[in-house]
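Report on the structure given below.
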Amino acid sequence: MTASGKVYALVDCNNFYVSCERVFNPALEGRPVVVLSNNDGCAVARSNEVKALGVPMGAPWFQLKDLAKQHGIVALSSNYTLYADMSNRVMTILRDFSPHVEVYSIDESFLCLDGLAGLWKSYDALGQAIRQRVRQWVGLPVCVGIAPSKTLSKLANHLAKKKPEFNGVCDLTTLTEAELCRYFSALDVGKVWGVGRQIAKRLSYLGIDTVQTLRDAEPKLMRQHFGVVMERTCNELRGLSCLSLEEVLPPKKQIVSSRSFGTMVTRPDELREAVSSYMARAAEKLRHERSICGAIHVFVQTNRFRQQDAQYHNGVTIPLTEATSDTRRMTAAALYGLRRIYRPGYSYKKAGVMLLDLIPETVRQASLFREPDERSEKVMQVLDGLNRDYGRNTLYLASCGIQQRWSMLAQNRSPRYTTRWDELPTAKA
DNA sequence: TCTGGGGTCCTAGGACCC
DNA sequence: TCTGGGGTCCTAGGACCC
């Protein structure tokens, strides 16, 4: 099935966060391990042992504590610094295998394999070589799915992970129609990329429950029922490539920074600290993107899970008179917004900022009312430089506060082994 | 006690214009 | 009694992804 002549590989790391932890702590091998979300809230990565216990993705940790005690589940706080660095190492290796790589998320990439068939005995051999090298050089297990469309390569990857007969690499281009039909008939339609819970339910009303029945559905009819996206998905399932590789990621359209608090926050000064801190982070990302923003959205909310508490959530968008990436001006706007939405008497659980109307800094429009501020750019360069070279929070605005009593929980975080000299792993003789 | 964070795309509906 | 039609733009909300 190579109707379009395209061939894509999807390389996906197995249980990525858990596998990263195991590289540096081999004692975790073979044990049930979860990595928790920010604030140690939910299980966002599960080892196979934990999946076998029936723990779903996103399960709240506090609900798992009994099960954890019973089976000795190890729970780790997330260590994004480590995961990001490990991810970069994997992606660097993948670029050796194909000149066309789309880094799709922290743990998966699409590779275009067009024209590479001649270099290898088979696509399967190429896939195995990728697995072997990533395992040897970075220590992480990956699986590879190969198919004539991105949507199919996702499914191929799923099969590579679940079906031992593929040994970690599933090349759909070598399967017969009958074999494809057999695998796809056994797969829930919800496994298809782009089919979530709601759409799966609606598909079910039409008698479409498996990947195979969606593949057999008429694309034009799917368009009438669900829109252009589903029509595309349907065509992709038939081996007609509709989604191309996006090698250069387009500039972001918005940047969000938000966190749940480690404790309930009632005092306005603590909310101000949190919003200032989140804004510092968002502004840093903005400058890294080489963009400036034209508006800022601030929001606060109480704990929606505590129905017995008085609930309040609100947000406000503050347009800026002039697009900027200066943390100080953005923080001032955010704190102004916060004053407008803050209501006393509530226990707040979360706050955040969103940067909107982003444009590249090169198209900055001169303001009618202000001279261009070159000093601002210099100050931000110094700020970013210090925080890059000496660690985050070396230099920050006083409004971010010092104690940060509200900051999130991370009670069991591993060292940043690969990015901090003072946290390098040590080898015992 | 304890329930994540950061994105994108599409669509429907309202405002507005001629 | 009778009350256009078509187009664009914007926004909010929903759905999806990892």
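Here's how to read the names in the structure tokens: chain A, B, ... by the order shown, residue numbers from 1 in each chain, ligand numbers from 1 in the order shown.
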I need the chain B residues near chain A as a PDB file with C-alpha atoms (C1' of nucleotides), in the first residue's frame; criterion: at most 12 Å, counting only C-alpha atoms (C1' of nucleotides).
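Ended up saving to result_32.pdb:
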ATOM      1  C1'  DT B   1      -5.096  16.931  52.164  1.00  0.00           C
ATOM      2  C1'  DC B   2      -4.293  15.422  47.307  1.00  0.00           C
ATOM      3  C1'  DT B   3      -7.237  16.115  40.508  1.00  0.00           C
ATOM      4  C1'  DG B   4      -1.307  18.954  34.763  1.00  0.00           C
ATOM      5  C1'  DG B   5       0.184  22.151  31.209  1.00  0.00           C
ATOM      6  C1'  DG B   6       0.694  23.869  26.599  1.00  0.00           C
ATOM      7  C1'  DG B   7      -0.670  23.976  22.185  1.00  0.00           C
ATOM      8  C1'  DT B   8      -3.606  23.986  17.324  1.00  0.00           C
ATOM      9  C1'  DC B   9      -7.515  23.976  14.316  1.00  0.00           C
ATOM     10  C1'  DC B  10     -12.375  24.317  13.102  1.00  0.00           C
ATOM     11  C1'  DT B  11     -17.044  26.010  13.428  1.00  0.00           C
TER      12       DT B  11
END
**Item:** Which of stretch 274-361 of chain A DSSP labels helix (DSSP H, G or I), written as a PyMOL selection string
**Value:** chain A and resi 274-288+327-341+361
Would you mind exporting the chosen residues as a compact mmCIF listing (two decimals), in the first residue's frame, restricted to N, CA, C and O atoms?
# COMPACT_ATOMS: atom_id res chain seq x y z
N ALA A 274 2.74 35.12 41.95
CA ALA A 274 2.58 34.01 41.02
C ALA A 274 2.43 34.52 39.59
O ALA A 274 3.12 34.07 38.68
N VAL A 275 1.55 35.50 39.41
CA VAL A 275 1.33 36.04 38.07
C VAL A 275 2.63 36.65 37.52
O VAL A 275 2.97 36.47 36.35
N SER A 276 3.37 37.35 38.37
CA SER A 276 4.65 37.93 37.94
C SER A 276 5.61 36.83 37.50
O SER A 276 6.31 36.95 36.50
N SER A 277 5.66 35.75 38.26
CA SER A 277 6.58 34.65 37.95
C SER A 277 6.20 33.98 36.64
O SER A 277 7.06 33.67 35.82
N TYR A 278 4.89 33.73 36.46
CA TYR A 278 4.46 33.09 35.23
C TYR A 278 4.75 33.99 34.04
O TYR A 278 5.11 33.53 32.95
N MET A 279 4.56 35.30 34.25
CA MET A 279 4.82 36.23 33.15
C MET A 279 6.31 36.24 32.79
O MET A 279 6.67 36.30 31.61
N ALA A 280 7.17 36.13 33.80
CA ALA A 280 8.61 36.11 33.52
C ALA A 280 8.94 34.94 32.61
O ALA A 280 9.69 35.07 31.63
N ARG A 281 8.34 33.81 32.90
CA ARG A 281 8.58 32.59 32.11
C ARG A 281 8.04 32.74 30.68
O ARG A 281 8.69 32.40 29.71
N ALA A 282 6.81 33.27 30.61
CA ALA A 282 6.17 33.44 29.29
C ALA A 282 6.96 34.43 28.43
O ALA A 282 7.17 34.20 27.24
N ALA A 283 7.42 35.50 29.05
CA ALA A 283 8.15 36.53 28.30
C ALA A 283 9.48 35.99 27.79
O ALA A 283 9.92 36.31 26.69
N GLU A 284 10.08 35.13 28.60
CA GLU A 284 11.34 34.49 28.19
C GLU A 284 11.11 33.63 26.95
O GLU A 284 11.87 33.68 25.99
N LYS A 285 10.03 32.86 26.99
CA LYS A 285 9.69 32.04 25.82
C LYS A 285 9.43 32.93 24.60
O LYS A 285 9.83 32.60 23.49
N LEU A 286 8.74 34.03 24.83
CA LEU A 286 8.41 34.96 23.75
C LEU A 286 9.67 35.49 23.08
O LEU A 286 9.79 35.51 21.85
N ARG A 287 10.65 35.90 23.89
CA ARG A 287 11.89 36.43 23.32
C ARG A 287 12.68 35.33 22.63
O ARG A 287 13.33 35.56 21.61
N HIS A 288 12.59 34.12 23.16
CA HIS A 288 13.26 33.00 22.54
C HIS A 288 12.69 32.75 21.14
O HIS A 288 13.40 32.36 20.22
N THR A 327 9.70 42.17 29.72
CA THR A 327 9.05 41.57 30.89
C THR A 327 8.41 42.61 31.79
O THR A 327 7.32 42.40 32.33
N ARG A 328 9.08 43.74 31.93
CA ARG A 328 8.58 44.74 32.89
C ARG A 328 7.25 45.30 32.44
O ARG A 328 6.31 45.43 33.23
N ARG A 329 7.15 45.64 31.16
CA ARG A 329 5.89 46.22 30.69
C ARG A 329 4.79 45.17 30.67
O ARG A 329 3.62 45.45 30.97
N MET A 330 5.16 43.94 30.31
CA MET A 330 4.15 42.88 30.27
C MET A 330 3.66 42.54 31.67
O MET A 330 2.47 42.29 31.89
N THR A 331 4.59 42.54 32.63
CA THR A 331 4.20 42.25 34.01
C THR A 331 3.27 43.34 34.54
O THR A 331 2.26 43.05 35.19
N ALA A 332 3.59 44.59 34.21
CA ALA A 332 2.74 45.69 34.66
C ALA A 332 1.32 45.50 34.12
O ALA A 332 0.34 45.67 34.85
N ALA A 333 1.21 45.12 32.85
CA ALA A 333 -0.11 44.92 32.26
C ALA A 333 -0.84 43.75 32.93
O ALA A 333 -2.03 43.82 33.22
N ALA A 334 -0.08 42.67 33.19
CA ALA A 334 -0.70 41.49 33.81
C ALA A 334 -1.20 41.82 35.21
O ALA A 334 -2.30 41.41 35.61
N LEU A 335 -0.42 42.58 35.97
CA LEU A 335 -0.82 42.90 37.34
C LEU A 335 -2.01 43.87 37.34
O LEU A 335 -2.88 43.79 38.20
N TYR A 336 -2.06 44.73 36.32
CA TYR A 336 -3.23 45.60 36.17
C TYR A 336 -4.47 44.73 35.92
O TYR A 336 -5.53 44.93 36.53
N GLY A 337 -4.32 43.75 35.05
CA GLY A 337 -5.43 42.84 34.77
C GLY A 337 -5.84 42.07 36.01
O GLY A 337 -7.02 41.90 36.30
N LEU A 338 -4.86 41.61 36.76
CA LEU A 338 -5.14 40.85 37.98
C LEU A 338 -5.95 41.68 38.97
O LEU A 338 -6.90 41.18 39.58
N ARG A 339 -5.59 42.96 39.10
CA ARG A 339 -6.35 43.84 40.01
C ARG A 339 -7.81 43.88 39.60
O ARG A 339 -8.70 43.94 40.45
N ARG A 340 -8.05 43.84 38.30
CA ARG A 340 -9.44 43.94 37.84
C ARG A 340 -10.24 42.68 38.09
O ARG A 340 -11.46 42.73 38.23
N ILE A 341 -9.58 41.53 38.12
CA ILE A 341 -10.36 40.30 38.29
C ILE A 341 -10.27 39.71 39.69
O ILE A 341 -11.03 38.82 40.03
N GLU A 361 9.40 39.91 15.90
CA GLU A 361 9.91 41.19 16.40
C GLU A 361 10.40 42.08 15.26
O GLU A 361 10.47 43.28 15.40
**Asked** Rounded to one decimal in Å, what is the spacing between atom CA of A:Pro148 and atom CA of A:Gly239?
**Response** 5.5 Å
Could you give me the residues within stretch 99-252 of chain A that DSSP places in strand (DSSP E or B), as an mmCIF file with all heavy atoms, in the first residue's frame?
data_model
loop_
_atom_site.group_PDB
_atom_site.id
_atom_site.type_symbol
_atom_site.label_atom_id
_atom_site.label_comp_id
_atom_site.auth_asym_id
_atom_site.auth_seq_id
_atom_site.Cartn_x
_atom_site.Cartn_y
_atom_site.Cartn_z
ATOM 1 N N VAL A 101 12.973 15.650 8.918
ATOM 2 C CA VAL A 101 12.449 15.238 10.216
ATOM 3 C C VAL A 101 11.491 16.305 10.730
ATOM 4 O O VAL A 101 11.804 17.489 10.695
ATOM 5 C CB VAL A 101 13.594 15.052 11.236
ATOM 6 C CG1 VAL A 101 13.050 14.748 12.619
ATOM 7 C CG2 VAL A 101 14.547 13.949 10.781
ATOM 8 N N GLU A 102 10.337 15.869 11.183
ATOM 9 C CA GLU A 102 9.417 16.781 11.872
ATOM 10 C C GLU A 102 9.338 16.364 13.328
ATOM 11 O O GLU A 102 8.831 15.285 13.644
ATOM 12 C CB GLU A 102 8.010 16.721 11.256
ATOM 13 C CG GLU A 102 6.983 17.530 12.048
ATOM 14 C CD GLU A 102 5.545 17.355 11.565
ATOM 15 O OE1 GLU A 102 5.351 16.870 10.433
ATOM 16 O OE2 GLU A 102 4.625 17.688 12.339
ATOM 17 N N VAL A 103 9.853 17.213 14.201
ATOM 18 C CA VAL A 103 9.762 16.919 15.629
ATOM 19 C C VAL A 103 8.344 17.248 16.065
ATOM 20 O O VAL A 103 7.964 18.414 16.156
ATOM 21 C CB VAL A 103 10.784 17.738 16.436
ATOM 22 C CG1 VAL A 103 10.630 17.458 17.926
ATOM 23 C CG2 VAL A 103 12.197 17.422 15.969
ATOM 24 N N TYR A 104 7.560 16.210 16.321
ATOM 25 C CA TYR A 104 6.138 16.420 16.552
ATOM 26 C C TYR A 104 5.833 16.701 18.019
ATOM 27 O O TYR A 104 4.932 17.462 18.339
ATOM 28 C CB TYR A 104 5.352 15.203 16.059
ATOM 29 C CG TYR A 104 3.869 15.319 16.310
ATOM 30 C CD1 TYR A 104 3.120 16.286 15.655
ATOM 31 C CD2 TYR A 104 3.239 14.478 17.214
ATOM 32 C CE1 TYR A 104 1.773 16.418 15.894
ATOM 33 C CE2 TYR A 104 1.881 14.594 17.454
ATOM 34 C CZ TYR A 104 1.154 15.568 16.792
ATOM 35 O OH TYR A 104 -0.179 15.698 17.040
ATOM 36 N N SER A 105 6.556 16.062 18.904
ATOM 37 C CA SER A 105 6.373 16.339 20.328
ATOM 38 C C SER A 105 7.654 15.959 21.032
ATOM 39 O O SER A 105 8.625 15.555 20.398
ATOM 40 C CB SER A 105 5.198 15.542 20.902
ATOM 41 O OG SER A 105 5.585 14.197 21.091
ATOM 42 N N GLU A 108 8.305 12.175 20.112
ATOM 43 C CA GLU A 108 8.066 11.531 18.831
ATOM 44 C C GLU A 108 8.382 12.445 17.653
ATOM 45 O O GLU A 108 8.223 13.653 17.720
ATOM 46 C CB GLU A 108 6.635 11.001 18.720
ATOM 47 C CG GLU A 108 5.563 12.050 18.806
ATOM 48 C CD GLU A 108 4.178 11.436 18.897
ATOM 49 O OE1 GLU A 108 3.728 10.828 17.926
ATOM 50 O OE2 GLU A 108 3.543 11.574 19.949
ATOM 51 N N SER A 109 8.833 11.810 16.576
ATOM 52 C CA SER A 109 9.152 12.539 15.349
ATOM 53 C C SER A 109 8.670 11.759 14.133
ATOM 54 O O SER A 109 8.712 10.529 14.126
ATOM 55 C CB SER A 109 10.673 12.730 15.212
ATOM 56 O OG SER A 109 11.081 13.891 15.873
ATOM 57 N N PHE A 110 8.237 12.504 13.139
ATOM 58 C CA PHE A 110 7.976 11.910 11.830
ATOM 59 C C PHE A 110 9.232 12.059 10.978
ATOM 60 O O PHE A 110 9.861 13.120 10.976
ATOM 61 C CB PHE A 110 6.831 12.634 11.119
ATOM 62 C CG PHE A 110 5.482 12.407 11.726
ATOM 63 C CD1 PHE A 110 4.889 13.370 12.530
ATOM 64 C CD2 PHE A 110 4.785 11.229 11.477
ATOM 65 C CE1 PHE A 110 3.631 13.171 13.079
ATOM 66 C CE2 PHE A 110 3.521 11.019 12.023
ATOM 67 C CZ PHE A 110 2.952 11.992 12.828
ATOM 68 N N LEU A 111 9.571 11.001 10.247
ATOM 69 C CA LEU A 111 10.676 11.055 9.294
ATOM 70 C C LEU A 111 10.115 10.769 7.910
ATOM 71 O O LEU A 111 9.272 9.886 7.765
ATOM 72 C CB LEU A 111 11.735 9.985 9.611
ATOM 73 C CG LEU A 111 12.814 10.265 10.653
ATOM 74 C CD1 LEU A 111 12.197 10.550 12.007
ATOM 75 C CD2 LEU A 111 13.776 9.095 10.736
ATOM 76 N N CYS A 112 10.582 11.521 6.934
ATOM 77 C CA CYS A 112 10.227 11.189 5.554
ATOM 78 C C CYS A 112 11.281 10.229 5.021
ATOM 79 O O CYS A 112 12.474 10.521 5.079
ATOM 80 C CB CYS A 112 10.175 12.462 4.714
ATOM 81 S SG CYS A 112 9.805 12.108 2.998
ATOM 82 N N VAL A 142 12.831 2.848 21.711
ATOM 83 C CA VAL A 142 11.858 3.484 20.819
ATOM 84 C C VAL A 142 11.227 2.429 19.915
ATOM 85 O O VAL A 142 11.784 1.353 19.715
ATOM 86 C CB VAL A 142 12.497 4.576 19.920
ATOM 87 C CG1 VAL A 142 13.180 5.634 20.743
ATOM 88 C CG2 VAL A 142 13.473 3.976 18.910
ATOM 89 N N CYS A 143 10.034 2.763 19.388
ATOM 90 C CA CYS A 143 9.397 1.925 18.383
ATOM 91 C C CYS A 143 9.189 2.745 17.119
ATOM 92 O O CYS A 143 9.093 3.973 17.177
ATOM 93 C CB CYS A 143 8.055 1.398 18.889
ATOM 94 S SG CYS A 143 8.255 0.049 20.070
ATOM 95 N N VAL A 144 9.121 2.051 15.983
ATOM 96 C CA VAL A 144 9.034 2.733 14.699
ATOM 97 C C VAL A 144 7.840 2.192 13.913
ATOM 98 O O VAL A 144 7.688 0.975 13.777
ATOM 99 C CB VAL A 144 10.325 2.517 13.882
ATOM 100 C CG1 VAL A 144 10.258 3.306 12.577
ATOM 101 C CG2 VAL A 144 11.554 2.920 14.686
ATOM 102 N N GLY A 145 7.017 3.101 13.414
ATOM 103 C CA GLY A 145 5.909 2.724 12.539
ATOM 104 C C GLY A 145 6.150 3.307 11.153
ATOM 105 O O GLY A 145 6.504 4.480 11.044
ATOM 106 N N ILE A 146 5.967 2.502 10.125
ATOM 107 C CA ILE A 146 6.270 2.949 8.760
ATOM 108 C C ILE A 146 5.048 2.730 7.879
ATOM 109 O O ILE A 146 4.435 1.655 7.909
ATOM 110 C CB ILE A 146 7.477 2.170 8.203
ATOM 111 C CG1 ILE A 146 8.717 2.478 9.058
ATOM 112 C CG2 ILE A 146 7.728 2.534 6.735
ATOM 113 C CD1 ILE A 146 9.870 1.517 8.854
ATOM 114 N N ALA A 147 4.681 3.780 7.101
ATOM 115 C CA ALA A 147 3.458 3.705 6.301
ATOM 116 C C ALA A 147 3.429 4.844 5.294
ATOM 117 O O ALA A 147 4.209 5.786 5.402
ATOM 118 C CB ALA A 147 2.238 3.775 7.220
ATOM 119 N N VAL A 169 9.308 -2.682 15.195
ATOM 120 C CA VAL A 169 9.227 -1.931 13.934
ATOM 121 C C VAL A 169 8.100 -2.516 13.093
ATOM 122 O O VAL A 169 8.141 -3.689 12.729
ATOM 123 C CB VAL A 169 10.540 -2.015 13.124
ATOM 124 C CG1 VAL A 169 10.387 -1.249 11.807
ATOM 125 C CG2 VAL A 169 11.709 -1.464 13.922
ATOM 126 N N CYS A 170 7.089 -1.701 12.798
ATOM 127 C CA CYS A 170 5.977 -2.187 11.987
ATOM 128 C C CYS A 170 5.933 -1.423 10.670
ATOM 129 O O CYS A 170 5.703 -0.219 10.650
ATOM 130 C CB CYS A 170 4.654 -2.018 12.752
ATOM 131 S SG CYS A 170 3.211 -2.372 11.752
ATOM 132 N N ASP A 171 6.171 -2.121 9.584
ATOM 133 C CA ASP A 171 6.154 -1.521 8.246
ATOM 134 C C ASP A 171 4.893 -1.960 7.522
ATOM 135 O O ASP A 171 4.807 -3.084 7.015
ATOM 136 C CB ASP A 171 7.414 -1.971 7.484
ATOM 137 C CG ASP A 171 7.422 -1.442 6.056
ATOM 138 O OD1 ASP A 171 6.518 -0.654 5.709
ATOM 139 O OD2 ASP A 171 8.345 -1.814 5.301
ATOM 140 N N ASP A 188 -9.695 -0.305 17.967
ATOM 141 C CA ASP A 188 -10.752 0.666 18.244
ATOM 142 C C ASP A 188 -10.542 1.936 17.415
ATOM 143 O O ASP A 188 -9.420 2.414 17.278
ATOM 144 C CB ASP A 188 -10.686 1.002 19.734
ATOM 145 C CG ASP A 188 -11.895 1.750 20.195
ATOM 146 O OD1 ASP A 188 -12.065 2.915 19.769
ATOM 147 O OD2 ASP A 188 -12.673 1.178 20.970
ATOM 148 N N THR A 210 -14.405 0.506 14.475
ATOM 149 C CA THR A 210 -13.024 0.049 14.346
ATOM 150 C C THR A 210 -12.295 0.888 13.302
ATOM 151 O O THR A 210 -12.918 1.595 12.504
ATOM 152 C CB THR A 210 -12.961 -1.424 13.896
ATOM 153 O OG1 THR A 210 -13.483 -1.512 12.570
ATOM 154 C CG2 THR A 210 -13.767 -2.320 14.816
#
**Prompt:** What is the atom CA of A:Ala427 to atom CA of A:Cys20 distance in Å?
**Reply:** 17.4 Å
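Taking only C-alpha atoms (C1' of nucleotides), the non-local environment of A:Gln198 within 12 Å (same-chain residues fewer than 6 positions away omitted) comprises Val189, Gly190, Ser204, Tyr205 and Phe226 of chain A; DG14, DA15 and DC16 of chain C.
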**Request:** Do a neighbour search on A:Asn167 at 12 Å with only C-alpha atoms (C1' of nucleotides), toss out local chain neighbours closer than 3 positions, and write the hits as a PyMOL selection string.
**Result:** chain A and resi 124-125+127-128+131-132+141-145+157+159-164+170-171
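Between atom CA of A:His158 and atom CA of A:Lys121 lies a distance of 23.3 Å.
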